[in-house]
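Before any comments, here is the structure.
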Amino acid sequence: MSDLHFGARNGLDDPALERALVALVERIQPGVVVVSGDLTHRGLRAEHEAAAVYLRGLGAPLLVVPGNHDIPLLPPSRFTRPWREFKREWQTDLPALSSADLQVAGMNSVRTWVHQGGGVPRGGVDHAVAVLGQAAPGALRVAVLHHQLAGAPWRTRKLPVAHRSRLLEELAGAGAELILSGHVHQGTISERSEFEVVAEDPHTCVLATAPGLGRPRSHRRNEARGVLVHRADAKEITVETHVWRGGDWVQTAGRTFPRG
C-alpha cells in the first residue's frame, strides 16, 4: 500500500476504508505489509503517530519507507531534522526484512530540497544491494521505495525517480524480482523486459506502483484508491489490483509473471 496521507481531507483516516483494509489483511494473511511512503500529509508528529497506531493495528509484519510528504513542509526543520518524526515511529529509513521465503530491502528516495522529485543516494543503493544479496536460496527478493520507476498512465507531472535506468540495472543485478513504489496515486504494473532491451537473458523483474489510499486532491478523477496484493510461489509472481469502490474492495486486474 502507499500514500495514506493521514491528516489530509480524504486521507486514509476514513473509518469505513480503515475497517475494510483491516478485513482485507485478515483475509489475505500477508507475510508482510509494505507501505511505500506518504504515510502523512504534512509530516506532523500527530499524523505520524496516527499512521503508526493504525498500521500496527493491522496485525501483520510491516516494512515502511518514507515519502516526500513524511518530512516537515517548511524550513528550518525540513533541512535540520527531516527524519525525526518518521524515525521516532519506525527507527530507520532503510528497513529490511528477511525470512526463508522473502528478502525485502527498503530505500529512502526523498530529497529534502525539492518537494516532488526523488532520488536514491549511493549509500541507499549499496544498502539495498547488500540486503538483497543476503537472500536465502529461492527467497523472493523485493526492493521498495516511494518514487516510481515506471511512468503512470495519465498524469506525467510527477517525474520518476532520478537515474532510474541505473537504479533498475543495479537492483535487477542484485536479483530483485519485484520493485514496489507509490507517489503517483496510480497503479502501474510492468516487467523490465517489456520496455528495456537487456543483452543477456534477464531474470524476471516486475515494477509495481501502488494506486494509493489517500485522496487529498479529490478533484483528480484519475486517482482510484486501492492496494496491490503480491503472491509468489516457486514458479510465479502474481500481482492483483484491488480498488475501493462502492464501499468494498473490487479486484480490477491481475497479472502473472514467471519467476526466473
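Labels for the C-alpha cells follow display order: chains A, B, ..., residues from 1 in each chain, ligands from 1.
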
**Study point:** Within 9 Å of Val35 (chain A) using only C-alpha atoms, minus same-chain residues under 3 positions, as a count of residues only
**Key:** 15

**Study point:** Polymer residues at most 8 Å from region 116-118 of chain A, only C-alpha atoms, same-chain spacing of 3 or more positions, as a VMD selection string
**Key:** chain A and resid 68 109 to 111 147 158 to 162

Expected file: the selected residues, C-alpha atoms, as a CSV table (one decimal), in the first residue's frame:
```
chain,number,residue,atom,x,y,z
A,68,ASN,CA,8.1,13.2,0.3
A,109,SER,CA,14.1,8.3,-2.2
A,110,VAL,CA,13.1,11.6,-0.6
A,111,ARG,CA,15.1,14.7,-1.4
A,147,HIS,CA,9.2,7.3,-6.1
A,158,LYS,CA,5.4,13.6,-11.1
A,159,LEU,CA,8.7,12.6,-12.5
A,160,PRO,CA,10.1,9.1,-11.8
A,161,VAL,CA,13.0,8.6,-9.5
A,162,ALA,CA,16.2,10.2,-10.7
```

Non-local contacts of region 89-95 of chain A (8 Å; only C-alpha atoms; under 3 positions in same chain excluded) as a PDB file with C-alpha atoms, in the first residue's frame:
```pdb
ATOM      1  CA  HIS A  48       2.909  10.041  12.187  1.00  0.00           C
ATOM      2  CA  GLU A  49       1.507   8.762  15.459  1.00  0.00           C
ATOM      3  CA  ALA A  52       1.743   4.154  13.140  1.00  0.00           C
ATOM      4  CA  LEU A  63       8.077  -2.676   6.217  1.00  0.00           C
ATOM      5  CA  VAL A  64       7.709   1.096   5.884  1.00  0.00           C
ATOM      6  CA  VAL A  65       9.717   3.619   3.851  1.00  0.00           C
ATOM      7  CA  PRO A  66       9.253   7.407   3.837  1.00  0.00           C
ATOM      8  CA  TRP A  83      13.513  12.333   9.625  1.00  0.00           C
ATOM      9  CA  GLU A  85       9.191  12.147  13.357  1.00  0.00           C
ATOM     10  CA  PHE A  86       9.433   9.283  10.874  1.00  0.00           C
ATOM     11  CA  ALA A 105      15.135  -4.028   1.078  1.00  0.00           C
ATOM     12  CA  GLY A 106      13.690  -0.561   1.731  1.00  0.00           C
ATOM     13  CA  MET A 107      15.183   2.643   0.314  1.00  0.00           C
ATOM     14  CA  ASN A 108      14.721   6.347   1.022  1.00  0.00           C
ATOM     15  CA  GLY A 124      20.935   3.729  -0.098  1.00  0.00           C
ATOM     16  CA  HIS A 127      22.420  -0.909   1.298  1.00  0.00           C
TER      17      HIS A 127
END
```

Practice item. Fewer than 2 positions away in the same chain doesn't count, so skip those; otherwise give me all residues within 9 Å of Leu213 (chain A), counting only C-alpha atoms, as a list in words. Key: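 The neighbour list is Met1, Ser2, Asp3, Leu4, His5, Gly11, Leu12, Leu17, His185, Ala210, Pro211, Arg215, Ala224, Arg225, Gly226, Val227 and Trp244 of chain A.
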
With N, CA and C atoms retained, write the just-selected residues as an mmCIF file, in the first residue's frame.
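Now in selection39.cif:
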```
data_model
loop_
_atom_site.group_PDB
_atom_site.id
_atom_site.type_symbol
_atom_site.label_atom_id
_atom_site.label_comp_id
_atom_site.auth_asym_id
_atom_site.auth_seq_id
_atom_site.Cartn_x
_atom_site.Cartn_y
_atom_site.Cartn_z
ATOM 1 N N MET A 1 0.843 -1.187 0.000
ATOM 2 C CA MET A 1 0.000 0.000 0.000
ATOM 3 C C MET A 1 0.879 1.237 0.000
ATOM 4 N N SER A 2 0.298 2.362 -0.396
ATOM 5 C CA SER A 2 1.091 3.580 -0.492
ATOM 6 C C SER A 2 0.195 4.795 -0.314
ATOM 7 N N ASP A 3 0.823 5.925 0.043
ATOM 8 C CA ASP A 3 0.167 7.237 0.027
ATOM 9 C C ASP A 3 -1.106 7.254 0.863
ATOM 10 N N LEU A 4 -0.935 7.025 2.173
ATOM 11 C CA LEU A 4 -2.060 7.022 3.098
ATOM 12 C C LEU A 4 -2.527 8.441 3.417
ATOM 13 N N HIS A 5 -1.590 9.382 3.515
ATOM 14 C CA HIS A 5 -1.885 10.802 3.749
ATOM 15 C C HIS A 5 -2.741 11.026 4.992
ATOM 16 N N GLY A 11 -7.826 11.599 3.397
ATOM 17 C CA GLY A 11 -6.720 10.696 3.644
ATOM 18 C C GLY A 11 -7.256 9.328 4.018
ATOM 19 N N LEU A 12 -6.353 8.420 4.425
ATOM 20 C CA LEU A 12 -6.818 7.092 4.802
ATOM 21 C C LEU A 12 -7.705 7.145 6.037
ATOM 22 N N LEU A 17 -13.080 2.890 5.241
ATOM 23 C CA LEU A 17 -11.929 2.372 4.497
ATOM 24 C C LEU A 17 -10.933 1.711 5.440
ATOM 25 N N HIS A 185 -0.189 7.930 -7.125
ATOM 26 C CA HIS A 185 -1.608 7.624 -6.871
ATOM 27 C C HIS A 185 -2.260 6.942 -8.075
ATOM 28 N N ALA A 210 1.828 1.152 -6.556
ATOM 29 C CA ALA A 210 0.523 1.027 -5.900
ATOM 30 C C ALA A 210 -0.358 2.229 -6.218
ATOM 31 N N PRO A 211 -1.686 2.024 -6.313
ATOM 32 C CA PRO A 211 -2.589 3.129 -6.660
ATOM 33 C C PRO A 211 -2.615 4.258 -5.633
ATOM 34 N N ARG A 215 -6.691 10.297 -0.796
ATOM 35 C CA ARG A 215 -7.045 11.057 -1.999
ATOM 36 C C ARG A 215 -7.188 12.524 -1.627
ATOM 37 N N ALA A 224 -7.765 6.462 -8.478
ATOM 38 C CA ALA A 224 -8.549 5.479 -7.735
ATOM 39 C C ALA A 224 -7.818 5.114 -6.456
ATOM 40 N N ARG A 225 -8.576 4.786 -5.408
ATOM 41 C CA ARG A 225 -7.980 4.316 -4.165
ATOM 42 C C ARG A 225 -7.844 2.794 -4.251
ATOM 43 N N GLY A 226 -6.681 2.295 -3.877
ATOM 44 C CA GLY A 226 -6.517 0.856 -3.973
ATOM 45 C C GLY A 226 -5.200 0.378 -3.388
ATOM 46 N N VAL A 227 -5.017 -0.933 -3.420
ATOM 47 C CA VAL A 227 -3.798 -1.580 -2.945
ATOM 48 C C VAL A 227 -3.422 -2.669 -3.938
ATOM 49 N N TRP A 244 -10.943 0.335 -4.088
ATOM 50 C CA TRP A 244 -12.038 0.644 -3.165
ATOM 51 C C TRP A 244 -13.165 1.289 -3.958
#
```

Test item: residues at most 6 Å from region 165-179 of chain A, only C-alpha atoms, excluding those fewer than 2 positions along its chain, as a PDB file with C-alpha atoms, in the first residue's frame:
```pdb
ATOM      1  CA  VAL A 129      22.068  -4.363  -2.975  1.00  0.00           C
ATOM      2  CA  ARG A 141      13.776 -10.573  -3.495  1.00  0.00           C
ATOM      3  CA  VAL A 142      11.858  -7.295  -3.209  1.00  0.00           C
ATOM      4  CA  ALA A 143      13.006  -3.649  -3.257  1.00  0.00           C
ATOM      5  CA  VAL A 144      10.828  -0.777  -2.008  1.00  0.00           C
ATOM      6  CA  HIS A 163      18.637   7.954 -12.689  1.00  0.00           C
ATOM      7  CA  THR A 204      12.052 -11.542 -14.173  1.00  0.00           C
ATOM      8  CA  CYS A 205      11.926  -8.069 -12.597  1.00  0.00           C
ATOM      9  CA  VAL A 206       8.418  -6.676 -12.040  1.00  0.00           C
ATOM     10  CA  LEU A 207       7.850  -2.974 -11.335  1.00  0.00           C
TER      11      LEU A 207
END
```

Check your understanding: With only C-alpha atoms as the atoms that count, which of A:Ile189, A:Ile71, A:Ala139, A:Leu228 lies nearest to Ala152 (chain A)?
Key -> A:Ile189

**Study point:** Residues near Gly59 (chain A), cut-off 9 Å, only C-alpha atoms, skip fewer than 4 positions along chain, as a ChimeraX atom specification
**Key:** /A:22,25-26,55

**Study point:** Members of region 38-109 of chain A assigned alpha helix (DSSP H) by DSSP, as a count of residues only
**Key:** 23
